[in-house]
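Read the structure below first, then the notes.
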Amino acid sequence: MRPFGPGVHPIHTSPRRLRPRSLVETGGGGAGGRHPLSLLALLATLVVAAPGSLSSQERADASDRRLTAADYSRAEAFLGQNAQEMAYGLQVSPNWIDGEERFWYRNRIREGHEFVVVDAAQGDRARAFDHVELAAALSRASDQDVEPFQLPFQEFEYLKEDQVVEFTIEPEKADADRERWRCERNPYECTGPLDPHPSHPDGILSPDGRYQAFIRDHDLWLVDTETGEERQLTSDGQERYGYATDSQGWRRTATPVLVWSPDSRMIATYRLDERDVEEMHLLEMDEPRPQVHSWPYAVPGDSILPMHERVVVHVEEGDVVALDHEPDYQRTSSCCGLTRVDPLTGQQKWADVRWSPDGESLAFASTSRDYRTVTLHLADPHSGDVQEVHEEDHPQFFLTNIRSGGIPNWRILHDRGEFLWFSERDGWGHLFRYDLDTGEELGRVTGGDWNVVDVLEVDEAQGRILFTGVGREEGVNPYFPQLYAVNMDGTDLTRLTPEDLHHTLSLSPSGAHVVSTGSTPVDPPVTQVRRTADGGVTGAVEEGDVSALEEIGWEPPKPFTARGRDGVPEVHGLLYLPSDFDPSQSYPIVNSIYPGPQTGSIGTWGFDVSPRGHAHALAELGFVVVQVDAPGTPFRSKAFHAYYYGDMGDNGLEDQKRAMQDLGDRHEWIDLDRAGIYGHSGGGFATAAALLRFPDFFKVGVSSAGNHDNRGYTDYWGERWQGPLEAAEDGSDTYEDQANHLLAENLEGRLLLSYGTMDANVHPNTTLLLIDRLIEHNHDFDVMVFPNRGHGYAGESYKVRMTWDYFVTHLLEKTPPAGYRIGR
């Protein structure tokens, strides 16, 4: 067997067999127990002769061509939700306690879950309360059986110097109310349900905790959390022209999009004008007639897009000040969500809007329709005056953070009269300083062939910046974030996480400490608390434990590097093998793909027992499964990320194919004549494209919820990554090269398409366009429809089982167990 290459983990080649075991519970087998419609035959049927008519050899051969319920049960144990139940101490999500260098987190242990509190400065770790005593007290008070490590809440709050624990119990039934309870700790006595605090379920809390801002009938309202009094802040909101509306994005919610001023006196928000935006329509299955759903949904090339009219609402006076600025097309200059969750408060924030500490100035960034230009502004929240501070553009797309969901990396440094700016102008993402008054560049803060990812803190007094970066150290995986500190003049750049690991980080409110979780795809995480002054460790928090998984044969994926297309740097990937892997056997190879451009196939390069696409589980059925972060995905150079800008149909597929071929050249147990691919959303788009663009290589594909023609997907996706839609004199346009239905005649392999009939993100229409063309070309293919499902049905048990069945039948060339129900 050929080696994987320098620095890459070799593949374990000793055959292993698993003990028979019972099914692992995963919940219901589909939303509401409904089964999707199958429009065409999904699987080949096998006619089996009566047992008495077969010889013993024929019966043995037939048995070899079948997978059993036990085989599927073994794979089911490796589904993400089941694997997580057998992995302990993997996730530490700090909840920082106000004004302190302490945090608490909820931790999975063998008995269930525990609550742990950590003193970051001292490094001390202890349970947040006596779980046995609290469970007994809550049982007495509620007249319900409560187990110590299966407590009916996931969050809590300390009161009265930690002597009281307060928490909310979520109802088991949808129509029941949440209950607030309080437990004294000395001795343990619980009371509840308490009278609920006046609040609104979708409200945004003010910094002083006094008010919640919420939307009612397209206007902005307040509720006083002490008295319950409600007050209307705006009065001219109307349908499709409302305040703080969150209706443009991957998810439409009732939560307002706004940012409170630090003193809780003002609210920065917008009025969203969708009045003349063309509609999208869906039909909801119902009896006796379906229900029509229509909403504004702009697509590339539309002449009218939703526009954001920026305003500041003065809470006490009731004034609404319109900023003197043209309406904006976008809400954020980073990618790809439209709002962010503040890492310290957990509240939803409008990403590209920041108040000065005294609340007398408001900074915001505007992004052009084509995403090529970002402009930084300062506004007076009282007069509405706006001044331009800085503007920069890029010929493809300008980002202020390369991480999907990342907080924009610009900062106004009011005390220094400067601002910090992020740019990929030299092909890598770096930080620069500018004079706030003159706009003059004061100097580069970072530089080199590597990327700044997230600015975590800027200490103006000390002149020091904390940030994460990737790719700086040679020999370290370029996707592993590290923590750094640097002076604002660019001197004394220091790495604060010396281990060559993937680090996830949570900074304390003071910035003095950071919780660091370090791992690799192979090595379980170790969580520690560090000082940000020097990177020193103050205490250990958790060590991941996957021994229970290993006892049933689970092994982590194997990292590898491989060649991409000519002129492209090597690509990085993960390879998953069945637990009973035998190098003397031959295995089909299946690619689990998400092509980007905002992220890649590998959701995280840290340790993960629940990989995207349930790759571990599929491999367990007898496949080699690979995930590759190909060109067109972030964290490498700008050229790597923008590789197929203007040609989204490329999807990095040439590099995916070559990486699979490279692995096949190294390992005789990979059968390149049996290559498959599957994915959801952008991965569904890429899967169908793979079979249509490389029909000689990809033989079987399972494509779900794909945006198969981005002319029919949202404008903020296509116009960012494909560019403006422009017509040519011959009637063609600049988006034709990415449309899958225009390549339908090329289909040769087996393709299973699926969509949810209520998908308000990727509308089913683009899948129907492909289906129509496949029919026109008289191709055999398969379709699965999920009634009343939205975009997120990929993990539904029935969908997972159909994916398994399809690959087992058409790629493994065996018969799946009939009617197997995941989560039985």
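Naming scheme: A, B, ... for chains in displayed order of the structure tokens; residues 1 onward per chain; ligands 1 onward as shown.
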* To do: Could you give me, as an MDAnalysis selection string, the residues within 6 Å of Asp629 of chain A, counting only C-alpha atoms and dropping anything in the same chain fewer than 6 positions from it?
  => chainID A and resid 572 600:601
With the cut-off set at 12 Å and counting only C-alpha atoms, tabulate each residue of segment 106-160 of chain A with an atom at most that distance from an atom of segment 67-86 of chain A, showing the nearest atom pair and its distance in Å to one decimal, ordered by chain and increasing number, as JSON lines.
{"residue": "A:Asn107", "atom": "CA", "partner": "A:Glu85", "partner_atom": "CA", "distance": 11.7}
{"residue": "A:Arg108", "atom": "CA", "partner": "A:Glu85", "partner_atom": "CA", "distance": 8.1}
{"residue": "A:Ile109", "atom": "CA", "partner": "A:Met86", "partner_atom": "CA", "distance": 8.8}
{"residue": "A:Arg110", "atom": "CA", "partner": "A:Met86", "partner_atom": "CA", "distance": 7.6}
{"residue": "A:Glu111", "atom": "CA", "partner": "A:Glu85", "partner_atom": "CA", "distance": 10.4}
{"residue": "A:Gly112", "atom": "CA", "partner": "A:Glu85", "partner_atom": "CA", "distance": 8.8}
{"residue": "A:His113", "atom": "CA", "partner": "A:Glu85", "partner_atom": "CA", "distance": 10.6}
* Check segment 664-792 of chain A with DSSP on the backbone and list each residue it calls strand (DSSP E or B), as a PyMOL selection string. => chain A and resi 670-680+698-704+727+733+750-756+782-786
* Have a look at A:Val257, A:Ile771, A:Ala619, A:Ala379 and name the one nearest to Asp324 of chain A; count only C-alpha atoms. =>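 Between A:Val257, A:Ile771, A:Ala619, A:Ala379, the residue approaching Asp324 of chain A most closely is A:Ala379.
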* Hey, can you check how far atom CA of Arg636 of chain A sits from atom CA of Ser681 of chain A? ->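 Atom-to-atom, atom CA of Arg636 of chain A to atom CA of Ser681 of chain A, that is 23.0 Å.
The protein and nucleic acid residues lying at most 12 Å from Asn186 of chain A are A:Phe129, A:Asp130, A:Glu133, A:Leu134, A:Ala137, A:Lys160, A:Asp162, A:Gln163, A:Val164, A:Val165, with only C-alpha atoms considered and sequence neighbours fewer than 6 positions away removed.
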* Minimum-distance residue to Val321 of chain A, chosen among A:Asp263, A:Glu776, A:Asp175, A:Asp385 (using only C-alpha atoms) -> A:Asp385
Excluding Gln598 of chain A and any residue of its chain fewer than 5 positions from it, enumerate the residues within 10 Å of it, using only C-alpha atoms, and give them as a PDB file with N, CA, C and O atoms, in the first residue's frame.
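Just written: result-v4.pdb:
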ATOM      1  N   SER A 334     -19.542  41.143   5.004  1.00  0.00           N
ATOM      2  CA  SER A 334     -18.883  39.845   5.132  1.00  0.00           C
ATOM      3  C   SER A 334     -19.834  38.787   4.594  1.00  0.00           C
ATOM      4  O   SER A 334     -20.876  39.097   4.036  1.00  0.00           O
ATOM      5  N   CYS A 335     -19.490  37.543   4.719  1.00  0.00           N
ATOM      6  CA  CYS A 335     -20.299  36.475   4.135  1.00  0.00           C
ATOM      7  C   CYS A 335     -20.687  35.471   5.224  1.00  0.00           C
ATOM      8  O   CYS A 335     -19.873  35.170   6.075  1.00  0.00           O
ATOM      9  N   CYS A 336     -21.861  34.936   5.248  1.00  0.00           N
ATOM     10  CA  CYS A 336     -22.898  35.091   4.274  1.00  0.00           C
ATOM     11  C   CYS A 336     -24.228  35.309   4.961  1.00  0.00           C
ATOM     12  O   CYS A 336     -25.234  35.523   4.296  1.00  0.00           O
ATOM     13  N   ILE A 402     -13.267  36.696   5.789  1.00  0.00           N
ATOM     14  CA  ILE A 402     -13.310  35.577   4.851  1.00  0.00           C
ATOM     15  C   ILE A 402     -14.100  34.399   5.389  1.00  0.00           C
ATOM     16  O   ILE A 402     -14.405  33.463   4.645  1.00  0.00           O
ATOM     17  N   ARG A 403     -14.460  34.448   6.671  1.00  0.00           N
ATOM     18  CA  ARG A 403     -15.177  33.326   7.287  1.00  0.00           C
ATOM     19  C   ARG A 403     -16.670  33.520   7.154  1.00  0.00           C
ATOM     20  O   ARG A 403     -17.195  34.591   7.445  1.00  0.00           O
ATOM     21  N   SER A 404     -17.373  32.491   6.718  1.00  0.00           N
ATOM     22  CA  SER A 404     -18.819  32.572   6.628  1.00  0.00           C
ATOM     23  C   SER A 404     -19.401  32.788   8.019  1.00  0.00           C
ATOM     24  O   SER A 404     -19.147  32.004   8.938  1.00  0.00           O
ATOM     25  N   GLY A 405     -20.184  33.838   8.166  1.00  0.00           N
ATOM     26  CA  GLY A 405     -20.714  34.181   9.481  1.00  0.00           C
ATOM     27  C   GLY A 405     -19.776  35.011  10.312  1.00  0.00           C
ATOM     28  O   GLY A 405     -20.088  35.314  11.467  1.00  0.00           O
ATOM     29  N   GLY A 632     -12.318  27.606  -4.874  1.00  0.00           N
ATOM     30  CA  GLY A 632     -13.653  28.163  -4.773  1.00  0.00           C
ATOM     31  C   GLY A 632     -14.133  28.222  -3.337  1.00  0.00           C
ATOM     32  O   GLY A 632     -15.258  28.646  -3.085  1.00  0.00           O
ATOM     33  N   THR A 633     -13.280  27.833  -2.399  1.00  0.00           N
ATOM     34  CA  THR A 633     -13.622  27.850  -0.977  1.00  0.00           C
ATOM     35  C   THR A 633     -12.610  28.726  -0.229  1.00  0.00           C
ATOM     36  O   THR A 633     -11.501  28.960  -0.705  1.00  0.00           O
ATOM     37  N   PRO A 634     -12.990  29.257   0.955  1.00  0.00           N
ATOM     38  CA  PRO A 634     -12.148  30.246   1.644  1.00  0.00           C
ATOM     39  C   PRO A 634     -10.998  29.647   2.438  1.00  0.00           C
ATOM     40  O   PRO A 634     -10.805  28.437   2.481  1.00  0.00           O
ATOM     41  N   PHE A 635     -10.230  30.557   3.042  1.00  0.00           N
ATOM     42  CA  PHE A 635      -9.124  30.312   3.981  1.00  0.00           C
ATOM     43  C   PHE A 635      -7.772  30.103   3.317  1.00  0.00           C
ATOM     44  O   PHE A 635      -6.756  30.133   3.983  1.00  0.00           O
ATOM     45  N   HIS A 641      -9.876  31.262  -3.439  1.00  0.00           N
ATOM     46  CA  HIS A 641     -11.281  31.454  -3.095  1.00  0.00           C
ATOM     47  C   HIS A 641     -12.095  31.895  -4.313  1.00  0.00           C
ATOM     48  O   HIS A 641     -13.234  31.444  -4.509  1.00  0.00           O
ATOM     49  N   TRP A 717     -26.884  35.866  -3.685  1.00  0.00           N
ATOM     50  CA  TRP A 717     -25.979  34.727  -3.886  1.00  0.00           C
ATOM     51  C   TRP A 717     -25.329  34.807  -5.269  1.00  0.00           C
ATOM     52  O   TRP A 717     -24.111  34.895  -5.403  1.00  0.00           O
ATOM     53  N   TRP A 721     -21.271  35.824  -6.288  1.00  0.00           N
ATOM     54  CA  TRP A 721     -20.312  34.801  -6.705  1.00  0.00           C
ATOM     55  C   TRP A 721     -20.236  34.616  -8.233  1.00  0.00           C
ATOM     56  O   TRP A 721     -19.200  34.193  -8.735  1.00  0.00           O
TER      57      TRP A 721
END
* Can you work out which one of A:Gly469, A:Pro381, A:Pro262, A:Pro290 has the shortest atom-to-atom distance to His314 of chain A, counting only C-alpha atoms? => A:Pro381
* What is the atom CA of Leu725 of chain A to atom CA of Ala351 of chain A distance in Å? -> 27.0 Å
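Nearest residue to Thr538 of chain A, choosing from A:Val118, A:Ile304, A:Val590, A:Val92 and counting only C-alpha atoms: A:Val118.
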* To do: Select, from A:Asn401, A:Glu317, A:Lys173, A:Thr227, the residue with the minimum atom-to-atom distance to Pro196 of chain A, counting only C-alpha atoms.
  =>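 When distances to Pro196 of chain A are compared using only C-alpha atoms, the smallest one comes from A:Thr227.
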* To do: Calculate how many Å separate atom CA of Ala540 of chain A from atom CA of Glu184 of chain A, rounding to one decimal.
  =>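 One can read the atom CA of Ala540 of chain A to atom CA of Glu184 of chain A distance as 29.1 Å.
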* Structure fact -> Residue with the minimum atom-to-atom distance to Leu258 of chain A, picked from A:Asp459, A:Asp673, A:Asp217, A:Asp352 with only C-alpha atoms counted, is A:Asp352
* Contacts of Pro94 of chain A at 8 Å (only C-alpha atoms; same-chain gap of 4+ positions) as a PyMOL selection string -> chain A and resi 103-105+506+515
Keeping all heavy atoms for every residue in the selection just given, could you write it to a file as a CSV table (one decimal), in the first residue's frame?
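Listed below is the output, out_36.csv:
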chain,number,residue,atom,x,y,z
A,103,PHE,N,-17.1,31.7,33.7
A,103,PHE,CA,-18.1,31.3,32.7
A,103,PHE,C,-18.6,29.9,33.1
A,103,PHE,O,-18.0,29.2,33.9
A,103,PHE,CB,-17.5,31.2,31.3
A,103,PHE,CG,-16.4,30.2,31.1
A,103,PHE,CD1,-16.7,28.9,30.7
A,103,PHE,CD2,-15.0,30.5,31.4
A,103,PHE,CE1,-15.7,27.9,30.6
A,103,PHE,CE2,-14.0,29.5,31.2
A,103,PHE,CZ,-14.4,28.2,30.8
A,104,TRP,N,-19.8,29.6,32.6
A,104,TRP,CA,-20.3,28.3,32.8
A,104,TRP,C,-20.6,27.6,31.4
A,104,TRP,O,-20.7,28.3,30.4
A,104,TRP,CB,-21.6,28.3,33.6
A,104,TRP,CG,-22.8,29.0,33.0
A,104,TRP,CD1,-23.1,30.3,33.2
A,104,TRP,CD2,-23.7,28.5,32.1
A,104,TRP,NE1,-24.2,30.6,32.5
A,104,TRP,CE2,-24.6,29.5,31.8
A,104,TRP,CE3,-23.9,27.2,31.5
A,104,TRP,CZ2,-25.7,29.4,30.9
A,104,TRP,CZ3,-25.0,27.1,30.7
A,104,TRP,CH2,-25.9,28.1,30.4
A,105,TYR,N,-20.7,26.3,31.4
A,105,TYR,CA,-21.0,25.6,30.2
A,105,TYR,C,-21.8,24.3,30.5
A,105,TYR,O,-21.7,23.8,31.7
A,105,TYR,CB,-19.8,25.3,29.3
A,105,TYR,CG,-18.8,24.4,30.0
A,105,TYR,CD1,-18.8,23.0,29.6
A,105,TYR,CD2,-17.8,24.9,30.9
A,105,TYR,CE1,-17.8,22.2,30.2
A,105,TYR,CE2,-16.9,24.1,31.4
A,105,TYR,CZ,-16.9,22.7,31.1
A,105,TYR,OH,-16.0,21.9,31.7
A,506,SER,N,-13.0,31.5,22.6
A,506,SER,CA,-14.0,32.4,23.2
A,506,SER,C,-13.3,33.4,24.2
A,506,SER,O,-12.8,33.0,25.2
A,506,SER,CB,-15.1,31.6,24.0
A,506,SER,OG,-16.0,32.5,24.6
A,515,VAL,N,-10.9,31.1,26.2
A,515,VAL,CA,-11.1,29.7,26.3
A,515,VAL,C,-10.7,29.1,24.9
A,515,VAL,O,-11.3,29.5,23.9
A,515,VAL,CB,-12.6,29.3,26.6
A,515,VAL,CG1,-12.8,27.8,26.7
A,515,VAL,CG2,-13.0,30.0,27.9
* To do: Can you check which residues of segment 428-662 of chain A DSSP gives as alpha helix (DSSP H) on the backbone and send them as a PyMOL selection string?
  => chain A and resi 547-551+615-619+638-641+653-662
Go through segment 534-563 of chain A and flag each residue having an atom no more than 12 Å from segment 644-665 of chain A; for those, report the closest pair of atoms plus their distance in Å to one decimal, using only C-alpha atoms, ordered by chain and rising number, as CSV.
residue,atom,partner,partner_atom,distance
A:Lys558,CA,A:Leu663,CA,11.9
A:Pro559,CA,A:Leu663,CA,11.7
A:Phe560,CA,A:Leu663,CA,8.9
A:Thr561,CA,A:Ala659,CA,8.1
A:Ala562,CA,A:Ala659,CA,5.2
A:Arg563,CA,A:Ala659,CA,5.7
